[in-house]
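Okay, structure first, notes after.
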Amino acid sequence: MAAATVTSERQFRRHDFWRALLLTVLCGLQLLPLLMAFFISFKTIPQFSRVPFLPTFPLHWENYLSAWEIVRLFLFNTVFVSGLTVVGVLALGSLAAYSFAILRYPGREFLFYLVLALMMVPATLTLIPSFVLVKNLQLLNTRWSLILPWIASGQVFAIFILRTYLQSLPGELFDAARIDGASEWQGYFMIALPMSKSMLGVAAILNILGTWNNLIWPALTISHLERQTLTPGLWSYQVENFTRYGFLMAGLLIGSIPLIVLFFFTSRWFVEGLTSGAIKV
């Protein structure tokens with residue numbers, strides 16, 4: 001009996017070793033492009049031509065100085081647009097989710113499934129109607145041409161995950177608050193929002209990632225380079241400076257730093273949200 005137990009433990013440890021090795025290899029493959037971009041960001045054009053993907057010396061830090069002069073304006077625009085967008089998405093999405101999950105009124109489920117059906121519509125199908133709408137509203141070449149459509153489109157996913165999470169909360173919490181004289185606004189601000197911080201964190205991070213990396217919509221609606229966001233702004237400079245790979249990689253890494261810092265400080269909420277039951281992993 002003891003020998004069988006020892007054998008099973010050894011097999012279990014052997015399986016754990018191969019799993020850990022596989023995860024390590026996959027993690028390395030994920031980080032390899034970032035590491036290569038880091039090496040390239042210190043190269044001049046001749047260094048990149050000789051040794052494209054391995055470190056070369058001397059390191060040219062001036063690539064980062066040159067890239068910062070270009071990227072800082074795009075970075076400010078992106079932070080401004082993404083910040084206002086995520087605030088609007090969380091505010092409107094949480095209100096709608098509270099209505100669908102907690103309040104009782106005729107047609108509630110039907111309205112929710114209508115909103116949910118929007119998740120099935122590919123984003124490319126809405127490009128032309130959205131562009132025509134923004135043009136008719138005379139919002140082209142303004143930051144509002146990015147903020148308002150992104151708030152409208154980002155609410156769908158936020159409503160979905162927040163409504164699912166709020167429905168999992170005990171209804172007695174809200175019933176007891178109503179008995180004590182709390183209004184629906186107090187239930188929303190004092191119960192729903194504090195208890196769904198992890199879900200709000202998930203919705204915020206995913207929304208910021210989506211707006212930060214969006215290329216097509218800003219390129220369509222913003223033609224003035226000084227109002228452009230990070231991804232299409234760097235793309236325009238890539239077209240003009242396609243041989244300056246060190247400069248381009250430095251700009252990409254500078255633009256990635258805020259997202260890395262954001263995830264570093266909010267990863268706990270993100271993991272809690274993914275494992276709380278509203279999103280299956």
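Lettering and numbering for the structure tokens are positional, with chains as A, B, ... in the shown order, residues counted from 1 in each chain, and ligands counted from 1 in the shown order.
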So that I can check the surroundings of stretch 50-59 of chain A, please list as a ChimeraX atom specification every protein, DNA and RNA residue that reaches within 8 Å of it, counting only C-alpha atoms and ignoring chain neighbours fewer than 4 positions away. /A:36,39-40,42-43,46
As a PDB file with all heavy atoms, in the first residue's frame, please: the residues near stretch 123-131 of chain A (cut-off 9 Å, only C-alpha atoms, same-chain neighbours under 5 positions excluded).
ATOM      1  N   ASN A 136     -22.198  63.428 -39.431  1.00  0.00           N
ATOM      2  CA  ASN A 136     -23.397  64.262 -39.375  1.00  0.00           C
ATOM      3  C   ASN A 136     -23.465  65.082 -38.093  1.00  0.00           C
ATOM      4  O   ASN A 136     -24.051  66.172 -38.083  1.00  0.00           O
ATOM      5  CB  ASN A 136     -24.649  63.406 -39.507  1.00  0.00           C
ATOM      6  CG  ASN A 136     -24.793  62.800 -40.893  1.00  0.00           C
ATOM      7  OD1 ASN A 136     -24.257  63.326 -41.873  1.00  0.00           O
ATOM      8  ND2 ASN A 136     -25.504  61.687 -40.994  1.00  0.00           N
ATOM      9  N   LEU A 140     -16.010  64.923 -36.451  1.00  0.00           N
ATOM     10  CA  LEU A 140     -14.763  64.442 -37.032  1.00  0.00           C
ATOM     11  C   LEU A 140     -13.594  65.333 -36.622  1.00  0.00           C
ATOM     12  O   LEU A 140     -13.733  66.550 -36.487  1.00  0.00           O
ATOM     13  CB  LEU A 140     -14.868  64.401 -38.562  1.00  0.00           C
ATOM     14  CG  LEU A 140     -15.815  63.354 -39.160  1.00  0.00           C
ATOM     15  CD1 LEU A 140     -15.822  63.454 -40.669  1.00  0.00           C
ATOM     16  CD2 LEU A 140     -15.415  61.948 -38.725  1.00  0.00           C
ATOM     17  N   SER A 145     -15.200  62.224 -31.239  1.00  0.00           N
ATOM     18  CA  SER A 145     -15.478  61.199 -32.246  1.00  0.00           C
ATOM     19  C   SER A 145     -14.947  59.835 -31.824  1.00  0.00           C
ATOM     20  O   SER A 145     -15.358  58.803 -32.374  1.00  0.00           O
ATOM     21  CB  SER A 145     -14.847  61.602 -33.582  1.00  0.00           C
ATOM     22  OG  SER A 145     -13.435  61.614 -33.492  1.00  0.00           O
ATOM     23  N   PRO A 149     -18.455  57.131 -29.377  1.00  0.00           N
ATOM     24  CA  PRO A 149     -18.694  55.790 -29.920  1.00  0.00           C
ATOM     25  C   PRO A 149     -18.093  54.680 -29.063  1.00  0.00           C
ATOM     26  O   PRO A 149     -18.679  53.596 -28.950  1.00  0.00           O
ATOM     27  CB  PRO A 149     -18.024  55.845 -31.303  1.00  0.00           C
ATOM     28  CG  PRO A 149     -18.014  57.289 -31.663  1.00  0.00           C
ATOM     29  CD  PRO A 149     -17.797  58.004 -30.366  1.00  0.00           C
ATOM     30  N   SER A 153     -20.167  51.536 -27.489  1.00  0.00           N
ATOM     31  CA  SER A 153     -19.860  50.138 -27.802  1.00  0.00           C
ATOM     32  C   SER A 153     -19.310  49.378 -26.600  1.00  0.00           C
ATOM     33  O   SER A 153     -19.536  48.172 -26.476  1.00  0.00           O
ATOM     34  CB  SER A 153     -18.852  50.075 -28.949  1.00  0.00           C
ATOM     35  OG  SER A 153     -17.643  50.737 -28.596  1.00  0.00           O
ATOM     36  N   TRP A 217     -10.593  52.723 -36.064  1.00  0.00           N
ATOM     37  CA  TRP A 217     -11.524  53.830 -35.839  1.00  0.00           C
ATOM     38  C   TRP A 217     -10.815  55.178 -35.688  1.00  0.00           C
ATOM     39  O   TRP A 217     -11.233  56.163 -36.310  1.00  0.00           O
ATOM     40  CB  TRP A 217     -12.407  53.536 -34.636  1.00  0.00           C
ATOM     41  CG  TRP A 217     -13.433  54.589 -34.388  1.00  0.00           C
ATOM     42  CD1 TRP A 217     -13.493  55.469 -33.342  1.00  0.00           C
ATOM     43  CD2 TRP A 217     -14.568  54.897 -35.216  1.00  0.00           C
ATOM     44  NE1 TRP A 217     -14.574  56.295 -33.451  1.00  0.00           N
ATOM     45  CE2 TRP A 217     -15.255  55.972 -34.595  1.00  0.00           C
ATOM     46  CE3 TRP A 217     -15.045  54.378 -36.409  1.00  0.00           C
ATOM     47  CZ2 TRP A 217     -16.402  56.528 -35.141  1.00  0.00           C
ATOM     48  CZ3 TRP A 217     -16.201  54.921 -36.950  1.00  0.00           C
ATOM     49  CH2 TRP A 217     -16.871  55.992 -36.325  1.00  0.00           C
ATOM     50  N   LEU A 220      -9.787  56.432 -39.065  1.00  0.00           N
ATOM     51  CA  LEU A 220     -10.884  56.890 -39.913  1.00  0.00           C
ATOM     52  C   LEU A 220     -11.387  58.274 -39.526  1.00  0.00           C
ATOM     53  O   LEU A 220     -11.740  59.078 -40.393  1.00  0.00           O
ATOM     54  CB  LEU A 220     -12.047  55.890 -39.838  1.00  0.00           C
ATOM     55  CG  LEU A 220     -11.914  54.580 -40.614  1.00  0.00           C
ATOM     56  CD1 LEU A 220     -13.118  53.686 -40.327  1.00  0.00           C
ATOM     57  CD2 LEU A 220     -11.781  54.830 -42.108  1.00  0.00           C
ATOM     58  N   THR A 221     -11.449  58.554 -38.242  1.00  0.00           N
ATOM     59  CA  THR A 221     -12.130  59.760 -37.775  1.00  0.00           C
ATOM     60  C   THR A 221     -11.187  60.916 -37.449  1.00  0.00           C
ATOM     61  O   THR A 221     -11.640  62.047 -37.340  1.00  0.00           O
ATOM     62  CB  THR A 221     -12.964  59.439 -36.522  1.00  0.00           C
ATOM     63  OG1 THR A 221     -12.103  58.890 -35.517  1.00  0.00           O
ATOM     64  CG2 THR A 221     -14.059  58.444 -36.857  1.00  0.00           C
TER      65      THR A 221
END
Residues near A:Ser256, cut-off 12 Å, only C-alpha atoms, skip fewer than 6 positions along chain, as number ranges by chain: A: 34, 37-38, 71, 75, 78-79, 209, 212-213, 230-231, 249-250, 262-263
So that I have them on file, write out the residues from the current selection with C-alpha atoms, as a PDB file, in the first residue's frame.
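Produced file result_6.pdb, reproduced below:
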ATOM      1  CA  LEU A  34       8.694  41.936 -26.221  1.00  0.00           C
ATOM      2  CA  ALA A  37      11.547  44.707 -29.375  1.00  0.00           C
ATOM      3  CA  PHE A  38      13.610  45.740 -26.333  1.00  0.00           C
ATOM      4  CA  VAL A  71       5.092  59.673 -28.609  1.00  0.00           C
ATOM      5  CA  LEU A  75       0.291  59.222 -25.285  1.00  0.00           C
ATOM      6  CA  THR A  78      -4.659  58.193 -25.627  1.00  0.00           C
ATOM      7  CA  VAL A  79      -4.703  58.587 -21.841  1.00  0.00           C
ATOM      8  CA  LEU A 209      -6.936  47.672 -23.627  1.00  0.00           C
ATOM      9  CA  TRP A 212      -5.593  51.845 -26.286  1.00  0.00           C
ATOM     10  CA  ASN A 213      -4.859  49.382 -29.098  1.00  0.00           C
ATOM     11  CA  LEU A 230      -0.947  56.155 -29.888  1.00  0.00           C
ATOM     12  CA  THR A 231      -1.481  53.180 -32.206  1.00  0.00           C
ATOM     13  CA  MET A 249      10.491  49.872 -31.150  1.00  0.00           C
ATOM     14  CA  ALA A 250      11.417  52.525 -28.576  1.00  0.00           C
ATOM     15  CA  LEU A 262      -1.902  49.750 -14.842  1.00  0.00           C
ATOM     16  CA  PHE A 263      -2.054  45.972 -14.849  1.00  0.00           C
TER      17      PHE A 263
END
Given only C-alpha atoms as the basis, pick out the residue of A:Ile102, A:Leu92, A:Leu84, A:Leu23 nearest to A:Arg143. A:Leu84
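Proximity ranking of A:Gly201, A:Gly181, A:Gly246, A:Gly210 relative to A:Ser49 places A:Gly246 first, based on only C-alpha atoms.
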Contacts of A:Tyr64 within 8 Å, only C-alpha atoms, excl. fewer than 4 positions in-chain, as a VMD selection string: chain A and resid 41 68 247 250 to 251 254
Selection to disk with C-alpha atoms, as a PDB file, in the first residue's frame:
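Full text of out06.pdb as output:
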ATOM      1  CA  SER A  41      15.044  49.647 -29.543  1.00  0.00           C
ATOM      2  CA  TRP A  68       9.556  60.372 -26.591  1.00  0.00           C
ATOM      3  CA  PHE A 247      13.134  54.446 -33.096  1.00  0.00           C
ATOM      4  CA  ALA A 250      11.417  52.525 -28.576  1.00  0.00           C
ATOM      5  CA  GLY A 251       8.126  54.307 -29.266  1.00  0.00           C
ATOM      6  CA  ILE A 254       7.195  53.720 -24.251  1.00  0.00           C
TER       7      ILE A 254
END
Assign secondary structure with DSSP using the backbone only, and return the residues of stretch 163-215 of chain A in alpha helix (DSSP H) as a PyMOL selection string. chain A and resi 163-168+171-179+184-187+193-195+197-212
Kindly save the residues from that selection, with C-alpha atoms included, as a CSV table (one decimal), in the first residue's frame.
chain,number,residue,atom,x,y,z
A,163,ARG,CA,-25.5,42.2,-14.5
A,164,THR,CA,-24.4,38.5,-14.2
A,165,TYR,CA,-22.4,39.3,-11.1
A,166,LEU,CA,-25.1,41.4,-9.4
A,167,GLN,CA,-27.6,38.6,-10.0
A,168,SER,CA,-25.4,36.3,-8.0
A,171,GLY,CA,-31.4,39.6,-3.0
A,172,GLU,CA,-32.0,39.9,0.8
A,173,LEU,CA,-29.2,42.5,0.9
A,174,PHE,CA,-31.2,44.9,-1.3
A,175,ASP,CA,-34.5,43.9,0.3
A,176,ALA,CA,-33.2,44.7,3.8
A,177,ALA,CA,-31.8,48.0,2.6
A,178,ARG,CA,-35.3,48.9,1.2
A,179,ILE,CA,-36.9,47.9,4.5
A,184,GLU,CA,-32.5,52.6,-5.1
A,185,TRP,CA,-29.7,55.1,-5.5
A,186,GLN,CA,-28.4,54.3,-2.0
A,187,GLY,CA,-28.6,50.5,-2.9
A,193,LEU,CA,-20.8,49.2,-6.5
A,194,PRO,CA,-18.7,48.3,-3.4
A,195,MET,CA,-19.5,44.6,-3.8
A,197,LYS,CA,-15.3,46.3,-7.5
A,198,SER,CA,-13.6,43.2,-9.0
A,199,MET,CA,-16.0,43.1,-11.9
A,200,LEU,CA,-15.6,46.9,-12.4
A,201,GLY,CA,-11.8,46.3,-12.5
A,202,VAL,CA,-12.2,43.6,-15.2
A,203,ALA,CA,-14.5,45.8,-17.3
A,204,ALA,CA,-12.1,48.8,-16.9
A,205,ILE,CA,-8.9,46.9,-17.8
A,206,LEU,CA,-10.5,45.2,-20.9
A,207,ASN,CA,-12.0,48.5,-22.0
A,208,ILE,CA,-8.7,50.4,-21.7
A,209,LEU,CA,-6.9,47.7,-23.6
A,210,GLY,CA,-9.5,47.9,-26.4
A,211,THR,CA,-9.4,51.6,-26.8
A,212,TRP,CA,-5.6,51.8,-26.3
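Of the listed residues (A:Ala117, A:Leu133, A:Ser66, A:Ile147), A:Ile147 comes nearest to A:Gly83; the distances count only C-alpha atoms.
Coordinates place atom CA of A:Trp61 at a distance of 21.6 Å from atom CA of A:Gly233.
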Using only C-alpha atoms, find each residue of stretch 43-135 of chain A with at least one atom at most 9 Å away from an atom of stretch 222-228 of chain A; report its shortest atom-to-atom pair and that distance in Å (one decimal), sort the rows by chain and rising residue number, and return the result as a tab-separated table.
residue	atom	partner	partner_atom	distance
A:Leu73	CA	A:Glu226	CA	7.0
A:Phe74	CA	A:Gln228	CA	5.9
A:Asn77	CA	A:Arg227	CA	6.5
A:Thr78	CA	A:Gln228	CA	7.9
